[in-house]
Amino acid sequence: MLLAAALAPADRRDLVSSGLIRRFRLTDDAADAVSTLFAHPAGSAVGLLSGFLLVFSGVSLTRRMQRMYLQAWGLTRPPGIGHAVHAVLGLTALLLGIGLTYSARALVASLPRAGILAVVLSAGAGFLLWTCLPWLLLDRRVAWRRLVPTGALTAVGTTLYGIVSTVYMPRLLETYSDRYGLFGVTLALVGWLLAVAVIVVVATTVAAEFDRAPDPWARRTRRRLRIGPAVDDPAGAGPTPTRGADDSPVVGRSEPAAGASRMRPEAPG
């Protein structure tokens, strides 16, 4: 959120703060504290240093998300700097997703039933974000179709939590602002984002377990959704078994070794 506010255009530096104030319907001290939290210093040198530190922190965030996705899908980190490049791309996708969600809400703000349209558009933007983001952070080693359950579960969870948070977050922010000032607002926002992190981790774990579940209902569901088989063991689970005409594995059969002679020995004469 700080990085999105820092990269906002000069005439929209209050992008994040005004969005939070409007979303949680904040007034008085709580609104002032949120505005102060996302305020920018006037010096360009300090702003440049702050921007570098924010980008570094953002990449650190996506690197940890990358590690979480790799562990959930049972993959190992590839050698080289490719994973770092994908972490930067993941941070870019995250910022674009925030901007897309904000733009979608702004477009429907003046339309009839704007609240319902905003929820639908936010869910759609969240689905695109949480499908593309793990695809990038997994170094594109998992087909995007197999990440559709991850995107759907995460989008549904975050959208529902967004609706619920509009009920309790305004009172929480006002209470913490009255008691602790700016630190209280920071504490409330960190707790709010921590709940989002729990939703992301749980949705990722459930979707990854569904992808490799051997149960018949899971296979049928994956076949109907056309999201492919489970991820192969990265460490190598041995040779693929030979399959018969009915697509069932044939036990006890293996392909002859490369270069081995297929001629039968002649009978002793």
# chains A, B, ... in the order shown; residues from 1 in each chain; ligands from 1
>>> residues_around(residues="Ala152 of chain A", least_positions_apart="2", cutoff="8 Å", atoms="only C-alpha atoms", output="PDB file with N, CA and C atoms, in the first residue's frame")
ATOM      1  N   PHE A 127      -9.659 -12.247  -9.145  1.00  0.00           N
ATOM      2  CA  PHE A 127      -9.442 -13.533  -9.805  1.00  0.00           C
ATOM      3  C   PHE A 127      -8.286 -13.460 -10.797  1.00  0.00           C
ATOM      4  N   TRP A 130      -4.921 -13.079  -8.652  1.00  0.00           N
ATOM      5  CA  TRP A 130      -4.471 -14.239  -7.892  1.00  0.00           C
ATOM      6  C   TRP A 130      -4.358 -15.498  -8.738  1.00  0.00           C
ATOM      7  N   THR A 131      -4.616 -15.375 -10.046  1.00  0.00           N
ATOM      8  CA  THR A 131      -4.271 -16.437 -10.981  1.00  0.00           C
ATOM      9  C   THR A 131      -2.949 -16.141 -11.674  1.00  0.00           C
ATOM     10  N   VAL A 148      -6.322 -21.839 -11.723  1.00  0.00           N
ATOM     11  CA  VAL A 148      -7.654 -21.244 -11.659  1.00  0.00           C
ATOM     12  C   VAL A 148      -8.310 -21.465 -10.292  1.00  0.00           C
ATOM     13  N   PRO A 149      -8.248 -22.685  -9.686  1.00  0.00           N
ATOM     14  CA  PRO A 149      -8.810 -22.826  -8.331  1.00  0.00           C
ATOM     15  C   PRO A 149      -8.145 -21.908  -7.315  1.00  0.00           C
ATOM     16  N   THR A 150      -6.828 -21.696  -7.437  1.00  0.00           N
ATOM     17  CA  THR A 150      -6.153 -20.772  -6.527  1.00  0.00           C
ATOM     18  C   THR A 150      -6.704 -19.366  -6.676  1.00  0.00           C
ATOM     19  N   THR A 154      -8.990 -17.560  -3.710  1.00  0.00           N
ATOM     20  CA  THR A 154      -8.431 -16.342  -3.122  1.00  0.00           C
ATOM     21  C   THR A 154      -9.326 -15.145  -3.393  1.00  0.00           C
ATOM     22  N   ALA A 155      -9.856 -15.046  -4.613  1.00  0.00           N
ATOM     23  CA  ALA A 155     -10.723 -13.917  -4.947  1.00  0.00           C
ATOM     24  C   ALA A 155     -12.003 -13.944  -4.126  1.00  0.00           C
ATOM     25  N   VAL A 156     -12.601 -15.109  -3.973  1.00  0.00           N
ATOM     26  CA  VAL A 156     -13.827 -15.213  -3.174  1.00  0.00           C
ATOM     27  C   VAL A 156     -13.547 -14.871  -1.716  1.00  0.00           C
TER      28      VAL A 156
END
>>> residues_around(residues="segment 173-185 of chain A", least_positions_apart="2", cutoff="7 Å", atoms="only C-alpha atoms", output="compact mmCIF listing (two decimals) with C-alpha atoms, in the first residue's frame")
# COMPACT_ATOMS: atom_id res chain seq x y z
CA ASP A 29 -9.00 11.99 13.77
CA ALA A 30 -9.05 8.59 12.06
CA ALA A 33 -4.24 9.78 10.81
CA VAL A 34 -4.66 7.75 7.60
CA MET A 169 -12.83 -1.75 10.43
CA PRO A 170 -14.31 1.78 10.73
CA ARG A 171 -14.99 1.33 14.44
CA LEU A 187 -1.61 -1.39 14.00
CA ALA A 188 -5.18 -1.73 12.74
CA LEU A 189 -4.09 -1.73 9.09
>>> closest_atom_pairs(of="segment 68-117 of chain A", to="segment 204-225 of chain A", cutoff="8 Å", atoms="only C-alpha atoms", output="CSV")
residue,atom,partner,partner_atom,distance
A:Tyr69,CA,A:Thr204,CA,7.2
A:Ala72,CA,A:Thr205,CA,5.8
A:Trp73,CA,A:Ala208,CA,5.7
>>> closest_residue(among="A:Arg113, A:Thr186, A:Thr92, A:Val59", to="Leu172 of chain A", atoms="only C-alpha atoms")
A:Thr186
>>> select_by_dssp(residues="segment 6-104 of chain A", states="helix (DSSP H, G or I)", output="mmCIF file with C-alpha atoms, in the first residue's frame")
data_model
loop_
_atom_site.group_PDB
_atom_site.id
_atom_site.type_symbol
_atom_site.label_atom_id
_atom_site.label_comp_id
_atom_site.auth_asym_id
_atom_site.auth_seq_id
_atom_site.Cartn_x
_atom_site.Cartn_y
_atom_site.Cartn_z
ATOM 1 C CA ALA A 6 4.612 6.354 -3.548
ATOM 2 C CA ALA A 10 1.848 13.729 -8.539
ATOM 3 C CA ASP A 11 -1.751 14.916 -8.696
ATOM 4 C CA ARG A 12 -3.035 11.708 -7.062
ATOM 5 C CA LEU A 15 -4.704 7.688 -3.936
ATOM 6 C CA VAL A 16 -4.393 5.094 -1.167
ATOM 7 C CA SER A 17 -5.343 7.307 1.774
ATOM 8 C CA SER A 18 -8.462 8.675 0.090
ATOM 9 C CA GLY A 19 -9.431 5.151 -0.962
ATOM 10 C CA LEU A 20 -9.146 3.868 2.609
ATOM 11 C CA ILE A 21 -11.019 6.848 4.023
ATOM 12 C CA ARG A 22 -13.830 6.408 1.531
ATOM 13 C CA ARG A 23 -13.972 2.622 1.870
ATOM 14 C CA PHE A 24 -14.125 2.625 5.671
ATOM 15 C CA ASP A 28 -12.150 13.342 12.085
ATOM 16 C CA ASP A 29 -8.998 11.991 13.771
ATOM 17 C CA ALA A 30 -9.051 8.593 12.057
ATOM 18 C CA ALA A 31 -9.196 10.187 8.585
ATOM 19 C CA ASP A 32 -6.410 12.618 9.511
ATOM 20 C CA ALA A 33 -4.237 9.781 10.810
ATOM 21 C CA VAL A 34 -4.663 7.753 7.603
ATOM 22 C CA SER A 35 -3.787 10.814 5.506
ATOM 23 C CA THR A 36 -0.693 11.432 7.639
ATOM 24 C CA LEU A 37 0.362 7.780 7.380
ATOM 25 C CA SER A 44 13.141 14.700 -3.898
ATOM 26 C CA ALA A 45 16.291 12.991 -2.563
ATOM 27 C CA VAL A 46 14.452 11.592 0.435
ATOM 28 C CA GLY A 47 11.593 10.569 -1.833
ATOM 29 C CA LEU A 48 13.994 8.711 -4.124
ATOM 30 C CA LEU A 49 15.590 6.874 -1.199
ATOM 31 C CA SER A 50 12.188 6.050 0.243
ATOM 32 C CA GLY A 51 11.049 4.760 -3.144
ATOM 33 C CA PHE A 52 14.100 2.495 -3.388
ATOM 34 C CA LEU A 53 13.487 1.104 0.089
ATOM 35 C CA LEU A 54 9.820 0.547 -0.701
ATOM 36 C CA VAL A 55 10.645 -1.294 -3.938
ATOM 37 C CA PHE A 56 13.190 -3.411 -2.050
ATOM 38 C CA SER A 57 10.589 -4.233 0.601
ATOM 39 C CA GLY A 58 8.003 -5.003 -2.072
ATOM 40 C CA VAL A 59 10.351 -7.423 -3.832
ATOM 41 C CA SER A 60 11.070 -9.041 -0.453
ATOM 42 C CA LEU A 61 7.324 -9.520 -0.009
ATOM 43 C CA THR A 62 6.930 -11.207 -3.391
ATOM 44 C CA ARG A 63 10.027 -13.352 -2.749
ATOM 45 C CA ARG A 64 8.394 -14.695 0.396
ATOM 46 C CA MET A 65 5.137 -15.230 -1.474
ATOM 47 C CA GLN A 66 7.170 -17.056 -4.111
ATOM 48 C CA ARG A 67 8.613 -19.341 -1.438
ATOM 49 C CA MET A 68 5.108 -20.003 -0.103
ATOM 50 C CA TYR A 69 3.783 -20.964 -3.544
ATOM 51 C CA LEU A 70 6.779 -23.212 -4.224
ATOM 52 C CA GLN A 71 6.290 -25.051 -0.933
ATOM 53 C CA ALA A 72 2.563 -25.432 -1.496
ATOM 54 C CA GLY A 82 15.169 -16.138 -13.121
ATOM 55 C CA HIS A 83 13.191 -16.468 -9.888
ATOM 56 C CA ALA A 84 14.278 -12.963 -8.850
ATOM 57 C CA VAL A 85 13.076 -11.586 -12.181
ATOM 58 C CA HIS A 86 9.734 -13.305 -11.704
ATOM 59 C CA ALA A 87 9.533 -11.818 -8.197
ATOM 60 C CA VAL A 88 9.877 -8.333 -9.695
ATOM 61 C CA LEU A 89 7.236 -9.202 -12.294
ATOM 62 C CA GLY A 90 5.012 -10.480 -9.506
ATOM 63 C CA LEU A 91 5.367 -7.188 -7.638
ATOM 64 C CA THR A 92 4.422 -5.354 -10.849
ATOM 65 C CA ALA A 93 1.358 -7.575 -11.254
ATOM 66 C CA LEU A 94 0.396 -6.907 -7.633
ATOM 67 C CA LEU A 95 0.580 -3.142 -8.143
ATOM 68 C CA LEU A 96 -1.372 -3.394 -11.402
ATOM 69 C CA GLY A 97 -4.006 -5.471 -9.630
ATOM 70 C CA ILE A 98 -4.401 -2.799 -6.946
ATOM 71 C CA GLY A 99 -4.706 -0.137 -9.631
ATOM 72 C CA LEU A 100 -7.196 -2.213 -11.619
ATOM 73 C CA THR A 101 -9.381 -2.737 -8.572
ATOM 74 C CA TYR A 102 -9.306 0.957 -7.694
ATOM 75 C CA SER A 103 -10.129 1.964 -11.289
ATOM 76 C CA ALA A 104 -13.006 -0.514 -11.455
#
>>> closest_residue(among="A:Ile81, A:Cys132, A:Ala203, A:Val108", to="Leu153 of chain A", atoms="only C-alpha atoms")
A:Ala203
>>> atom_distance(atom1="atom CA of Met1 of chain A", atom2="atom CA of Leu194 of chain A")
13.2 Å
>>> atom_distance(atom1="atom CA of Trp135 of chain A", atom2="atom CA of Pro78 of chain A")
14.5 Å
>>> atom_distance(atom1="atom CA of Val201 of chain A", atom2="atom CA of Asp139 of chain A")
18.3 Å
>>> closest_residue(among="A:Trp144, A:Leu160, A:Pro112, A:Phe38", to="Gly126 of chain A", atoms="only C-alpha atoms")
A:Leu160
